[in-house]
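Worksheet for the structure shown next.
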There are 2 protein chains.
Amino acid sequence: MPAPSRHRVVVVGSGFGGLFATKMLRRADCDVTVIDRTTHHLFQPLLYQVATGILSEGEIAPAMRDILRHQANAHVLLGEVTDIDLEARTVTSSVLERETVTPYDSLIVAAGARTSYFGNDDFARHAPGLKSIDDALELRGRIFGAFEMAELEPDPAERAAWMTFVVVGGGPTGVEMAGQIAELAHRTLTKNFRRIDPRDARIVLVDAAPQLLGSFGPRLGGKARGELERLGVEIHLGAMVSGVDAHGLDLDTDDPRLQRIEAVTKVWAAGVAGSPLGALLCERAGIQPGRGGRVPVEPDCTLPGHPEVYVVGDLMQHPDGLPGVAEVAMQSGMHSAIQIERRIAGDMTPRRFRYRSLGDLASISRYFAVGKWGRVEVWGFLGWVIWLVVHITFLTGFKNRVTALFHWIISFLGRARAERTITKQQIFARQALEELETLRVRDQYL
Amino acid sequence: MPAPSRHRVVVVGSGFGGLFATKMLRRADCDVTVIDRTTHHLFQPLLYQVATGILSEGEIAPAMRDILRHQANAHVLLGEVTDIDLEARTVTSSVLERETVTPYDSLIVAAGARTSYFGNDDFARHAPGLKSIDDALELRGRIFGAFEMAELEPDPAERAAWMTFVVVGGGPTGVEMAGQIAELAHRTLTKNFRRIDPRDARIVLVDAAPQLLGSFGPRLGGKARGELERLGVEIHLGAMVSGVDAHGLDLDTDDPRLQRIEAVTKVWAAGVAGSPLGALLCERAGIQPGRGGRVPVEPDCTLPGHPEVYVVGDLMQHPDGLPGVAEVAMQSGMHSAIQIERRIAGDMTPRRFRYRSLGDLASISRYFAVGKWGRVEVWGFLGWVIWLVVHITFLTGFKNRVTALFHWIISFLGRARAERTITKQQIFARQALEELETLRVRDQYL
């Protein structure tokens, strides 16, 4: 138990922001409590590889308390944060109806972002996003399951709907998902079926924007588009999704052939919004929430009026207008930890957070990635080698690096995917849980 | 599409029996259709390692159609078999309300066994069995989740209930589960918690029989008991479970301290019964079902009165009284395939199935397994080395052998477990699906 005089830091969230803040405090004279509703740190940029059968969930989601086992001043607590009291300086979290109240002297809120359907929350059931291990496993079940259903389906129109995959969103996640579904259809599933030819699958990528990978600039966006088209992906830009249902989706476009696409499997990679904790924090602090429910912060990442509260990563709206990428989360997490350490030592001067971009990378297919470092742009095989080195380096834990590297070798040099298992849980859990919620009996489970 | 004159074999089930029968038919002049309600072959003897975080689901459950991709005469069909018509010679299977009717000339039913609660089906919700990947993932969530809840729980009695794990059943699965939960508590979770000490976990193994591992004989049963006790497992033999609820279980025993054990996490490894297809087959054939819903077969593994129908593996009750182990399933599957090949060639003489035991093995902990080959008994490190070699050899696929070997090295030489991820699906799917079934709205999902 911590001595009452020791500085108490609470970190909400165990993503990149929360993990890097916590590790940075390992030698600080404080006790750190990390609260998260999952038990794992999540390497989000590789979720699409769990969804497409390359990696296992353990490889990108190691247990947070195992990562921190040698950090004696860190304590991990399972729980969904339900309240933050800025006056009493406490965080309330809850799991299976058990509430825990944790007091803090400094607070780092790194609760991240969730999928946003821009007000159309009914889309979620038919087009899962890709923000959690549950999402990735559900999509794995849906994608591999769609080929199974196509093999069984005698009606050609129905079979075509099972073999049509629509990815909504042309950012890195959407581009990577579309590329991997194409690789599945054209390489992994070869010779797996007897009635259908997986290469007949139609993979459609739609986005309302005029180019793919907007943040990478027009040249790399074009390179990504060229590679995806080479893989057989159909790309429709400037097309807004106006409806999503179990059997397909409707697009707001002038092309009458595209106004309706019959597709059982949809992936939503179109938008993110801050965790609901952002709105709560803004309300408690008496400030207006920023874009997409993010929290507008001071230049030093603190909540206006609360120099003891930091908001970092995807939930933060920084005056410098930073992108929602892993590196911003890592660096702002570390920045807040360093500030807290300085405050414990008595130095109260706020220091501005300055993001140093280490570049952007998105892999399109095996052997093809695009990358941008300032004005330096690379694509193709060279980009892919850099992508490989960076991702192996940043994966957490020696054991995950070894098996992930092996899984990449068999998937990229070979054609196999090691993690194709479909479970009943993946297929039915979300709908069953949603249905129960509707039936208002969910309380007894959550 | 098969030419109508070609012999059609239908195999129900993709476990050891179904897989080995199908592979044995690879050069036969016939078309083989494998029907299973999952998309994977399952290496059942290692399910306990998925439940305890050592292996990923993909390592023991490779996609059946990927295993058979080079076998041009084999066709895999997803579906739960709902009817077998012995007169019309058709198998009806269904998935998501789509029915498929598959005609056969020869039929191999290798539908295996399921967990049996000896008439107390209400135990299932509180004490999952270990027969499927869904079961193993659910248990993984429950076991690792119990330590999380204990860390949060201020009340000592409640905390003790979260930290008590009861395994019901002293056969190989029960012994292996108890041993692995003990290794988790004593080795893997070291330094992972700050409020609880995982070594305080109470791991209880109960069985109504007078010894552990009955089929291994008293000496090896005693060796297994000694090793489990060294690991801190509490063993109660001759104790029958009379009740199971969310918070614990009741035992029928004279010892008043054991009549009630408060334990949130229970594992049911006490009994198996044949798949419901066994009862269906017996009814259709006009014969009495055997022990535990198994199908009494002729010495050549055929259904009485139906020389074109084979029942193999765990679902078969052979006149020689064979055990329900993987080797019996493999060998009876291969036997039926050879019989069918001979019948296609015009040789109709039935040949008796003779099981050649390759021995029995059960691993208790790292470096300790027991094994029996006729009158030769081994235990300890030597048994464990044999266990390792046998399991690496029989695992399906080069890639699974490589990563499983690596995962064993890190778990046994080291203390880590690579696959500890807990998902919402694991924790809530079963209860949500059961509740929906009760609410009679499940139809729309299954």
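Starting from 1 in every chain, residues are counted up; chains themselves are A, B, ... following the order of the structure tokens, and ligands are numbered from 1 as listed.
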Tell me which protein, DNA and RNA residues are within 6 Å of Trp162 of chain B, counting only C-alpha atoms, leaving out same-chain ones fewer than 2 positions away, and put them as a compact mmCIF listing (two decimals) with all heavy atoms, in the first residue's frame.
# COMPACT_ATOMS: atom_id res chain seq x y z
N ALA B 146 -10.71 -14.03 -13.21
CA ALA B 146 -10.91 -14.24 -11.77
C ALA B 146 -9.80 -13.58 -10.96
O ALA B 146 -10.06 -12.98 -9.90
CB ALA B 146 -10.97 -15.74 -11.47
N ALA B 150 -10.25 -10.63 -8.21
CA ALA B 150 -9.69 -10.77 -6.86
C ALA B 150 -8.87 -9.54 -6.49
O ALA B 150 -8.94 -9.05 -5.36
CB ALA B 150 -8.83 -12.04 -6.79
N ARG B 159 -12.93 -12.33 -2.08
CA ARG B 159 -11.64 -12.46 -2.77
C ARG B 159 -11.22 -13.93 -2.82
O ARG B 159 -10.75 -14.42 -3.83
CB ARG B 159 -10.58 -11.63 -2.05
CG ARG B 159 -9.34 -11.43 -2.88
CD ARG B 159 -8.51 -10.27 -2.36
NE ARG B 159 -8.18 -10.43 -0.96
CZ ARG B 159 -8.35 -9.51 -0.02
NH1 ARG B 159 -8.83 -8.33 -0.34
NH2 ARG B 159 -8.02 -9.76 1.22
N ALA B 160 -11.45 -14.64 -1.70
CA ALA B 160 -11.10 -16.06 -1.67
C ALA B 160 -11.92 -16.84 -2.68
O ALA B 160 -11.41 -17.76 -3.33
CB ALA B 160 -11.30 -16.62 -0.26
N THR B 164 -10.47 -19.17 -5.88
CA THR B 164 -10.61 -20.62 -5.78
C THR B 164 -11.06 -21.17 -7.12
O THR B 164 -12.00 -20.65 -7.72
CB THR B 164 -11.60 -20.98 -4.67
OG1 THR B 164 -11.15 -20.39 -3.45
CG2 THR B 164 -11.69 -22.49 -4.48
N VAL B 264 -15.74 -19.12 -7.64
CA VAL B 264 -16.42 -18.53 -8.80
C VAL B 264 -16.11 -19.34 -10.06
O VAL B 264 -16.97 -19.58 -10.89
CB VAL B 264 -16.01 -17.05 -8.98
CG1 VAL B 264 -16.69 -16.46 -10.21
CG2 VAL B 264 -16.36 -16.24 -7.74
Next item on the list: Might you pull out every residue within 9 Å of Ala432 of chain B, with only C-alpha atoms counted and same-chain residues fewer than 2 positions away left off, and present them as a ChimeraX atom specification?
Entry: /A:429,432-433,435-436,442,445 /B:428-430,434-437
Dump as a CSV table (one decimal), in the first residue's frame, selection limited to all heavy atoms:
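result00.csv, freshly written:
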chain,number,residue,atom,x,y,z
A,429,ALA,N,-21.7,-12.9,-30.7
A,429,ALA,CA,-21.7,-12.2,-29.4
A,429,ALA,C,-22.2,-10.8,-29.5
A,429,ALA,O,-23.1,-10.4,-28.7
A,429,ALA,CB,-20.2,-12.1,-28.9
A,432,ALA,N,-26.0,-10.7,-30.0
A,432,ALA,CA,-26.7,-11.2,-28.8
A,432,ALA,C,-26.7,-10.2,-27.7
A,432,ALA,O,-27.7,-9.9,-27.1
A,432,ALA,CB,-26.1,-12.5,-28.3
A,433,LEU,N,-25.5,-9.6,-27.5
A,433,LEU,CA,-25.4,-8.5,-26.5
A,433,LEU,C,-26.3,-7.3,-26.8
A,433,LEU,O,-26.9,-6.8,-25.9
A,433,LEU,CB,-23.9,-8.1,-26.3
A,433,LEU,CG,-23.0,-9.1,-25.6
A,433,LEU,CD1,-21.6,-8.8,-25.7
A,433,LEU,CD2,-23.4,-9.2,-24.1
A,435,GLU,N,-29.0,-7.3,-28.6
A,435,GLU,CA,-30.4,-7.7,-28.5
A,435,GLU,C,-30.8,-7.7,-27.0
A,435,GLU,O,-31.9,-7.2,-26.7
A,435,GLU,CB,-30.6,-9.1,-29.1
A,435,GLU,CG,-32.0,-9.5,-29.2
A,435,GLU,CD,-32.7,-8.8,-30.4
A,435,GLU,OE1,-32.0,-8.2,-31.2
A,435,GLU,OE2,-34.0,-8.7,-30.3
A,436,LEU,N,-29.9,-8.2,-26.2
A,436,LEU,CA,-30.2,-8.2,-24.8
A,436,LEU,C,-30.3,-6.8,-24.2
A,436,LEU,O,-31.2,-6.5,-23.4
A,436,LEU,CB,-29.1,-8.9,-24.0
A,436,LEU,CG,-29.1,-10.4,-24.0
A,436,LEU,CD1,-28.0,-11.0,-23.2
A,436,LEU,CD2,-30.5,-10.9,-23.4
A,442,ARG,N,-29.9,-6.6,-20.0
A,442,ARG,CA,-28.4,-6.6,-20.1
A,442,ARG,C,-27.8,-6.4,-18.7
A,442,ARG,O,-26.7,-6.8,-18.4
A,442,ARG,CB,-27.9,-5.6,-21.1
A,442,ARG,CG,-26.5,-5.9,-21.6
A,442,ARG,CD,-26.0,-4.8,-22.4
A,442,ARG,NE,-24.7,-5.0,-22.9
A,442,ARG,CZ,-24.0,-4.2,-23.6
A,442,ARG,NH1,-24.5,-3.0,-23.9
A,442,ARG,NH2,-22.7,-4.4,-24.0
A,445,TYR,N,-25.6,-8.7,-16.8
A,445,TYR,CA,-24.3,-9.2,-17.3
A,445,TYR,C,-23.2,-8.2,-17.3
A,445,TYR,O,-22.1,-8.6,-17.3
A,445,TYR,CB,-24.5,-9.6,-18.8
A,445,TYR,CG,-25.5,-10.7,-18.9
A,445,TYR,CD1,-26.8,-10.4,-19.4
A,445,TYR,CD2,-25.2,-12.0,-18.4
A,445,TYR,CE1,-27.7,-11.4,-19.5
A,445,TYR,CE2,-26.2,-13.0,-18.5
A,445,TYR,CZ,-27.4,-12.7,-19.0
A,445,TYR,OH,-28.4,-13.6,-19.1
B,428,PHE,N,-19.0,-12.7,-22.1
B,428,PHE,CA,-20.4,-12.6,-22.2
B,428,PHE,C,-21.2,-13.4,-23.2
B,428,PHE,O,-22.4,-13.5,-23.1
B,428,PHE,CB,-20.8,-11.1,-22.3
B,428,PHE,CG,-20.2,-10.2,-21.3
B,428,PHE,CD1,-19.2,-9.3,-21.5
B,428,PHE,CD2,-20.6,-10.3,-19.9
B,428,PHE,CE1,-18.7,-8.5,-20.5
B,428,PHE,CE2,-20.1,-9.6,-18.9
B,428,PHE,CZ,-19.1,-8.6,-19.2
B,429,ALA,N,-20.5,-13.9,-24.2
B,429,ALA,CA,-21.2,-14.6,-25.3
B,429,ALA,C,-22.1,-15.7,-24.9
B,429,ALA,O,-23.3,-15.7,-25.2
B,429,ALA,CB,-20.2,-15.1,-26.4
B,430,ARG,N,-21.6,-16.6,-24.1
B,430,ARG,CA,-22.4,-17.8,-23.7
B,430,ARG,C,-23.6,-17.4,-23.0
B,430,ARG,O,-24.8,-17.8,-23.3
B,430,ARG,CB,-21.6,-18.8,-22.8
B,430,ARG,CG,-22.5,-20.0,-22.4
B,430,ARG,CD,-21.9,-20.7,-21.2
B,430,ARG,NE,-20.7,-21.4,-21.6
B,430,ARG,CZ,-20.6,-22.7,-21.7
B,430,ARG,NH1,-21.6,-23.4,-21.4
B,430,ARG,NH2,-19.4,-23.2,-22.0
B,434,GLU,N,-27.4,-17.9,-24.2
B,434,GLU,CA,-28.3,-18.7,-23.4
B,434,GLU,C,-29.6,-17.9,-23.0
B,434,GLU,O,-30.7,-18.4,-23.1
B,434,GLU,CB,-27.7,-19.2,-22.1
B,434,GLU,CG,-26.9,-20.5,-22.4
B,434,GLU,CD,-26.1,-20.9,-21.2
B,434,GLU,OE1,-26.3,-20.3,-20.1
B,434,GLU,OE2,-25.3,-21.8,-21.3
B,435,GLU,N,-29.4,-16.7,-22.6
B,435,GLU,CA,-30.5,-15.8,-22.2
B,435,GLU,C,-31.4,-15.6,-23.4
B,435,GLU,O,-32.6,-15.7,-23.2
B,435,GLU,CB,-29.9,-14.5,-21.7
B,435,GLU,CG,-30.9,-13.6,-21.0
B,435,GLU,CD,-31.4,-14.2,-19.6
B,435,GLU,OE1,-30.6,-15.0,-19.1
B,435,GLU,OE2,-32.4,-13.9,-19.2
B,436,LEU,N,-30.8,-15.3,-24.5
B,436,LEU,CA,-31.7,-15.1,-25.7
B,436,LEU,C,-32.5,-16.4,-26.0
B,436,LEU,O,-33.6,-16.3,-26.4
B,436,LEU,CB,-30.8,-14.8,-26.9
B,436,LEU,CG,-30.3,-13.3,-27.0
B,436,LEU,CD1,-29.4,-13.1,-28.2
B,436,LEU,CD2,-31.5,-12.4,-27.0
B,437,GLU,N,-31.8,-17.5,-25.9
B,437,GLU,CA,-32.6,-18.8,-26.2
B,437,GLU,C,-33.8,-18.9,-25.2
B,437,GLU,O,-34.9,-19.2,-25.6
B,437,GLU,CB,-31.6,-19.9,-25.9
B,437,GLU,CG,-32.1,-21.2,-26.6
B,437,GLU,CD,-30.9,-22.2,-26.6
B,437,GLU,OE1,-30.1,-22.2,-25.7
B,437,GLU,OE2,-30.9,-23.1,-27.5
Item checked: Best match for closeness to chain A among B:Val244, B:Ala279, B:Val389, B:Leu405, counting only C-alpha atoms -> B:Leu405
Item checked: Separation of atom CA of Glu227 of chain B from atom CA of Gly53 of chain B, in Å and rounded to one decimal -> 21.3 Å
All residues 10 Å or closer to segment 267-273 of chain B, only C-alpha atoms, same chain fewer than 6 positions away omitted, as a CSV table (one decimal) with N, CA and C atoms, in the first residue's frame:
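And here is the file that came out, selection-v8.csv:
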chain,number,residue,atom,x,y,z
B,112,GLY,N,-18.2,-37.2,-32.9
B,112,GLY,CA,-17.5,-37.0,-31.6
B,112,GLY,C,-18.4,-36.9,-30.4
B,113,ALA,N,-17.9,-36.4,-29.3
B,113,ALA,CA,-18.6,-36.3,-28.0
B,113,ALA,C,-18.7,-34.9,-27.6
B,114,ARG,N,-19.6,-34.7,-26.6
B,114,ARG,CA,-19.7,-33.4,-26.0
B,114,ARG,C,-19.7,-33.6,-24.5
B,115,THR,N,-19.6,-32.5,-23.8
B,115,THR,CA,-19.5,-32.5,-22.3
B,115,THR,C,-20.9,-33.1,-21.8
B,116,SER,N,-20.8,-34.0,-20.8
B,116,SER,CA,-22.0,-34.5,-20.2
B,116,SER,C,-22.1,-34.0,-18.7
B,117,TYR,N,-23.2,-33.5,-18.3
B,117,TYR,CA,-23.4,-33.1,-16.9
B,117,TYR,C,-24.3,-34.1,-16.2
B,118,PHE,N,-24.4,-35.3,-16.8
B,118,PHE,CA,-25.1,-36.4,-16.2
B,118,PHE,C,-26.5,-36.0,-15.8
B,123,PHE,N,-25.8,-27.1,-14.8
B,123,PHE,CA,-24.4,-26.8,-14.4
B,123,PHE,C,-23.6,-26.1,-15.4
B,124,ALA,N,-24.0,-26.3,-16.7
B,124,ALA,CA,-23.1,-25.9,-17.8
B,124,ALA,C,-22.8,-24.4,-17.8
B,126,HIS,N,-22.4,-22.5,-15.3
B,126,HIS,CA,-21.4,-22.1,-14.2
B,126,HIS,C,-20.1,-22.9,-14.3
B,127,ALA,N,-20.1,-24.0,-15.0
B,127,ALA,CA,-18.9,-24.9,-15.1
B,127,ALA,C,-18.7,-25.3,-16.5
B,128,PRO,N,-18.1,-24.5,-17.4
B,128,PRO,CA,-18.0,-24.9,-18.8
B,128,PRO,C,-17.2,-26.1,-18.9
B,129,GLY,N,-17.4,-26.9,-19.9
B,129,GLY,CA,-16.6,-28.1,-20.3
B,129,GLY,C,-15.5,-27.6,-21.1
B,130,LEU,N,-14.8,-28.6,-21.8
B,130,LEU,CA,-13.6,-28.2,-22.6
B,130,LEU,C,-13.6,-29.1,-23.8
B,131,LYS,N,-14.6,-28.8,-24.7
B,131,LYS,CA,-14.7,-29.6,-25.9
B,131,LYS,C,-14.6,-28.8,-27.2
B,135,ASP,N,-15.4,-23.1,-25.9
B,135,ASP,CA,-15.2,-23.4,-24.5
B,135,ASP,C,-13.8,-23.0,-23.9
B,139,LEU,N,-13.2,-20.2,-21.0
B,139,LEU,CA,-12.4,-20.6,-19.7
B,139,LEU,C,-11.2,-19.7,-19.6
B,142,ARG,N,-12.5,-16.6,-18.1
B,142,ARG,CA,-12.9,-16.8,-16.7
B,142,ARG,C,-11.7,-16.9,-15.8
B,143,ILE,N,-10.7,-17.7,-16.2
B,143,ILE,CA,-9.6,-18.0,-15.3
B,143,ILE,C,-8.7,-16.7,-15.1
B,165,PHE,N,-10.3,-22.2,-7.6
B,165,PHE,CA,-10.6,-22.8,-8.9
B,165,PHE,C,-10.9,-24.3,-8.7
B,166,VAL,N,-12.0,-24.7,-9.1
B,166,VAL,CA,-12.4,-26.1,-8.9
B,166,VAL,C,-12.4,-26.8,-10.3
B,167,VAL,N,-11.7,-27.9,-10.4
B,167,VAL,CA,-11.7,-28.7,-11.6
B,167,VAL,C,-12.4,-30.0,-11.2
B,168,VAL,N,-13.5,-30.3,-11.9
B,168,VAL,CA,-14.3,-31.5,-11.6
B,168,VAL,C,-13.9,-32.5,-12.7
B,169,GLY,N,-13.3,-33.6,-12.2
B,169,GLY,CA,-12.9,-34.7,-13.1
B,169,GLY,C,-11.4,-35.0,-13.1
B,170,GLY,N,-11.1,-36.2,-12.8
B,170,GLY,CA,-9.7,-36.6,-12.6
B,170,GLY,C,-9.1,-37.4,-13.7
B,171,GLY,N,-9.7,-37.2,-14.9
B,171,GLY,CA,-9.1,-37.8,-16.1
B,171,GLY,C,-8.0,-36.9,-16.7
B,172,PRO,N,-7.5,-37.2,-17.9
B,172,PRO,CA,-6.4,-36.4,-18.4
B,172,PRO,C,-6.7,-34.9,-18.5
B,173,THR,N,-7.9,-34.6,-19.0
B,173,THR,CA,-8.3,-33.2,-19.1
B,173,THR,C,-8.3,-32.4,-17.8
B,174,GLY,N,-8.9,-33.1,-16.8
B,174,GLY,CA,-9.0,-32.5,-15.5
B,174,GLY,C,-7.6,-32.3,-14.8
B,175,VAL,N,-6.8,-33.3,-15.0
B,175,VAL,CA,-5.5,-33.3,-14.4
B,175,VAL,C,-4.6,-32.2,-15.0
B,177,MET,N,-5.7,-29.5,-16.7
B,177,MET,CA,-6.2,-28.2,-16.3
B,177,MET,C,-5.8,-27.8,-14.9
B,178,ALA,N,-5.9,-28.7,-14.0
B,178,ALA,CA,-5.5,-28.4,-12.6
B,178,ALA,C,-4.0,-28.0,-12.6
B,205,LEU,N,-9.1,-30.2,-7.1
B,205,LEU,CA,-9.5,-31.2,-8.1
B,205,LEU,C,-10.3,-32.2,-7.5
B,206,VAL,N,-11.6,-32.4,-7.9
B,206,VAL,CA,-12.5,-33.4,-7.3
B,206,VAL,C,-12.9,-34.4,-8.3
B,207,ASP,N,-13.1,-35.7,-7.8
B,207,ASP,CA,-13.6,-36.7,-8.7
B,207,ASP,C,-14.3,-37.7,-7.8
B,208,ALA,N,-15.3,-38.3,-8.4
B,208,ALA,CA,-16.1,-39.4,-7.7
B,208,ALA,C,-15.3,-40.7,-7.6
B,241,VAL,N,-20.1,-34.4,-7.1
B,241,VAL,CA,-20.7,-33.1,-7.2
B,241,VAL,C,-22.2,-33.1,-7.2
B,291,ARG,N,-24.0,-46.8,-24.2
B,291,ARG,CA,-23.6,-46.0,-23.0
B,291,ARG,C,-23.3,-44.5,-23.4
B,292,GLY,N,-23.9,-43.6,-22.7
B,292,GLY,CA,-23.7,-42.2,-23.0
B,292,GLY,C,-24.1,-41.8,-24.4
B,293,GLY,N,-25.1,-42.4,-24.9
B,293,GLY,CA,-25.6,-41.9,-26.2
B,293,GLY,C,-24.7,-42.4,-27.4
B,294,ARG,N,-23.8,-43.3,-27.1
B,294,ARG,CA,-22.9,-43.8,-28.2
B,294,ARG,C,-23.7,-44.8,-29.1
B,314,ASP,N,-15.2,-41.1,-31.0
B,314,ASP,CA,-15.8,-41.0,-29.7
B,314,ASP,C,-17.3,-41.4,-29.7
B,315,LEU,N,-17.9,-41.3,-30.9
B,315,LEU,CA,-19.4,-41.6,-31.0
B,315,LEU,C,-19.6,-43.1,-31.1
B,324,GLY,N,-12.2,-43.5,-25.3
B,324,GLY,CA,-12.5,-42.3,-26.1
B,324,GLY,C,-11.3,-41.4,-26.3
Next item on the list: Return as a PyMOL selection string the full set of residues in segment 321-378 of chain A whose backbone-based DSSP assignment is strand (DSSP E).
Entry: chain A and resi 360-365+368-373+376-378
Check: Which residues come within 10 Å of Cys30 of chain B, counting only C-alpha atoms, excluding same-chain residues fewer than 4 positions away, as a PyMOL selection string?
Finding: chain B and resi 2-3+5-9+25-26+73-74+105-106+340-341+344
Selected residues, N, CA, C and O atoms, written as a tab-separated table (two decimals), in the first residue's frame, please.
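Listing of again-v1.tsv after writing:
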chain	number	residue	atom	x	y	z
B	2	PRO	N	-19.13	-33.50	-59.34
B	2	PRO	CA	-18.80	-34.92	-59.53
B	2	PRO	C	-19.68	-35.54	-60.62
B	2	PRO	O	-20.84	-35.19	-60.76
B	3	ALA	N	-19.10	-36.43	-61.38
B	3	ALA	CA	-19.90	-37.20	-62.33
B	3	ALA	C	-20.84	-38.08	-61.51
B	3	ALA	O	-20.45	-38.59	-60.46
B	5	SER	N	-21.80	-40.99	-61.65
B	5	SER	CA	-21.47	-42.40	-61.45
B	5	SER	C	-20.41	-42.59	-60.37
B	5	SER	O	-20.19	-43.70	-59.90
B	6	ARG	N	-19.74	-41.53	-59.97
B	6	ARG	CA	-18.65	-41.67	-59.02
B	6	ARG	C	-19.19	-41.90	-57.62
B	6	ARG	O	-20.17	-41.28	-57.21
B	7	HIS	N	-18.51	-42.75	-56.85
B	7	HIS	CA	-18.91	-43.07	-55.49
B	7	HIS	C	-18.82	-41.80	-54.62
B	7	HIS	O	-17.82	-41.10	-54.63
B	8	ARG	N	-19.90	-41.55	-53.87
B	8	ARG	CA	-19.93	-40.35	-53.03
B	8	ARG	C	-19.82	-40.73	-51.56
B	8	ARG	O	-20.65	-41.47	-51.03
B	9	VAL	N	-18.79	-40.20	-50.90
B	9	VAL	CA	-18.60	-40.44	-49.46
B	9	VAL	C	-18.92	-39.14	-48.73
B	9	VAL	O	-18.43	-38.07	-49.12
B	25	LEU	N	-8.70	-41.28	-47.89
B	25	LEU	CA	-9.43	-41.47	-49.16
B	25	LEU	C	-8.84	-40.62	-50.29
B	25	LEU	O	-9.43	-40.53	-51.37
B	26	ARG	N	-7.66	-40.03	-50.08
B	26	ARG	CA	-7.18	-39.05	-51.06
B	26	ARG	C	-6.89	-39.65	-52.43
B	26	ARG	O	-7.00	-38.97	-53.44
B	73	ASN	N	-10.28	-34.40	-54.44
B	73	ASN	CA	-11.56	-35.11	-54.31
B	73	ASN	C	-12.28	-34.79	-52.99
B	73	ASN	O	-13.31	-35.39	-52.69
B	74	ALA	N	-11.74	-33.87	-52.20
B	74	ALA	CA	-12.38	-33.55	-50.92
B	74	ALA	C	-13.02	-32.16	-50.96
B	74	ALA	O	-12.44	-31.21	-51.50
B	105	ASP	N	-23.17	-42.40	-51.00
B	105	ASP	CA	-23.16	-43.84	-51.21
B	105	ASP	C	-22.57	-44.51	-49.97
B	105	ASP	O	-23.00	-45.58	-49.57
B	106	SER	N	-21.56	-43.87	-49.38
B	106	SER	CA	-21.01	-44.32	-48.09
B	106	SER	C	-21.00	-43.14	-47.15
B	106	SER	O	-20.75	-42.00	-47.56
B	340	ILE	N	-14.20	-48.61	-47.24
B	340	ILE	CA	-14.96	-47.99	-48.35
B	340	ILE	C	-14.19	-48.16	-49.66
B	340	ILE	O	-14.76	-48.52	-50.69
B	341	GLU	N	-12.88	-47.95	-49.61
B	341	GLU	CA	-12.07	-48.12	-50.82
B	341	GLU	C	-12.18	-49.56	-51.33
B	341	GLU	O	-12.29	-49.79	-52.54
B	344	ILE	N	-15.59	-50.03	-52.94
B	344	ILE	CA	-15.64	-49.42	-54.27
B	344	ILE	C	-15.01	-50.37	-55.29
B	344	ILE	O	-15.49	-50.53	-56.41
Margin query: Using DSSP assignments from the backbone, pull out every residue in segment 397-427 of chain A that falls under helix (DSSP H, G or I) and give it to me as a ChimeraX atom specification.
Written below: /A:398-413,424-427
Within 8 Å of Ser332 of chain B, counting only C-alpha atoms, which residues show up once you throw out same-chain ones fewer than 5 positions away? Write them as a PDB file with N, CA and C atoms, in the first residue's frame, please.
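Result saved to around.pdb:
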ATOM      1  N   GLY B  17     -11.243 -38.378 -36.243  1.00  0.00           N
ATOM      2  CA  GLY B  17     -11.863 -39.431 -37.042  1.00  0.00           C
ATOM      3  C   GLY B  17     -12.143 -38.961 -38.460  1.00  0.00           C
ATOM      4  N   CYS B 301     -17.060 -51.533 -37.510  1.00  0.00           N
ATOM      5  CA  CYS B 301     -17.434 -50.125 -37.291  1.00  0.00           C
ATOM      6  C   CYS B 301     -18.667 -49.693 -38.073  1.00  0.00           C
ATOM      7  N   VAL B 312     -17.432 -43.794 -36.197  1.00  0.00           N
ATOM      8  CA  VAL B 312     -16.049 -43.925 -35.720  1.00  0.00           C
ATOM      9  C   VAL B 312     -15.777 -42.944 -34.583  1.00  0.00           C
ATOM     10  N   GLY B 313     -14.663 -43.149 -33.910  1.00  0.00           N
ATOM     11  CA  GLY B 313     -14.206 -42.204 -32.880  1.00  0.00           C
ATOM     12  C   GLY B 313     -15.051 -42.251 -31.623  1.00  0.00           C
ATOM     13  N   PHE B 353     -12.404 -54.126 -37.145  1.00  0.00           N
ATOM     14  CA  PHE B 353     -11.474 -53.056 -36.746  1.00  0.00           C
ATOM     15  C   PHE B 353     -10.702 -53.499 -35.513  1.00  0.00           C
ATOM     16  N   TYR B 355      -7.946 -52.155 -32.845  1.00  0.00           N
ATOM     17  CA  TYR B 355      -7.243 -50.972 -32.352  1.00  0.00           C
ATOM     18  C   TYR B 355      -5.862 -51.360 -31.853  1.00  0.00           C
TER      19      TYR B 355
END
Next item on the list: List the neighbours of Lys191 of chain B out to 12 Å using only C-alpha atoms; skip same-chain residues closer than 5 positions along the sequence, and give me the result as a list of chain:residue names.
Entry: A:Arg65, A:Asp66, A:Ile67, A:Leu68, A:Arg69, A:His70, A:Gln71, A:Ala72, A:Asn73, A:Ala74, A:His75, A:Val76, B:Leu184, B:Ala185, B:His186, B:Ile196, B:Asp197, B:Pro198, B:Arg199, B:Arg415, B:Ala416
Notebook entry, point to check: In terms of the shortest atom-to-atom distance over only C-alpha atoms, which of A:Thr393, A:Thr423, A:Ser132, A:Asn120 is closest to chain B?
Noted result: A:Thr423
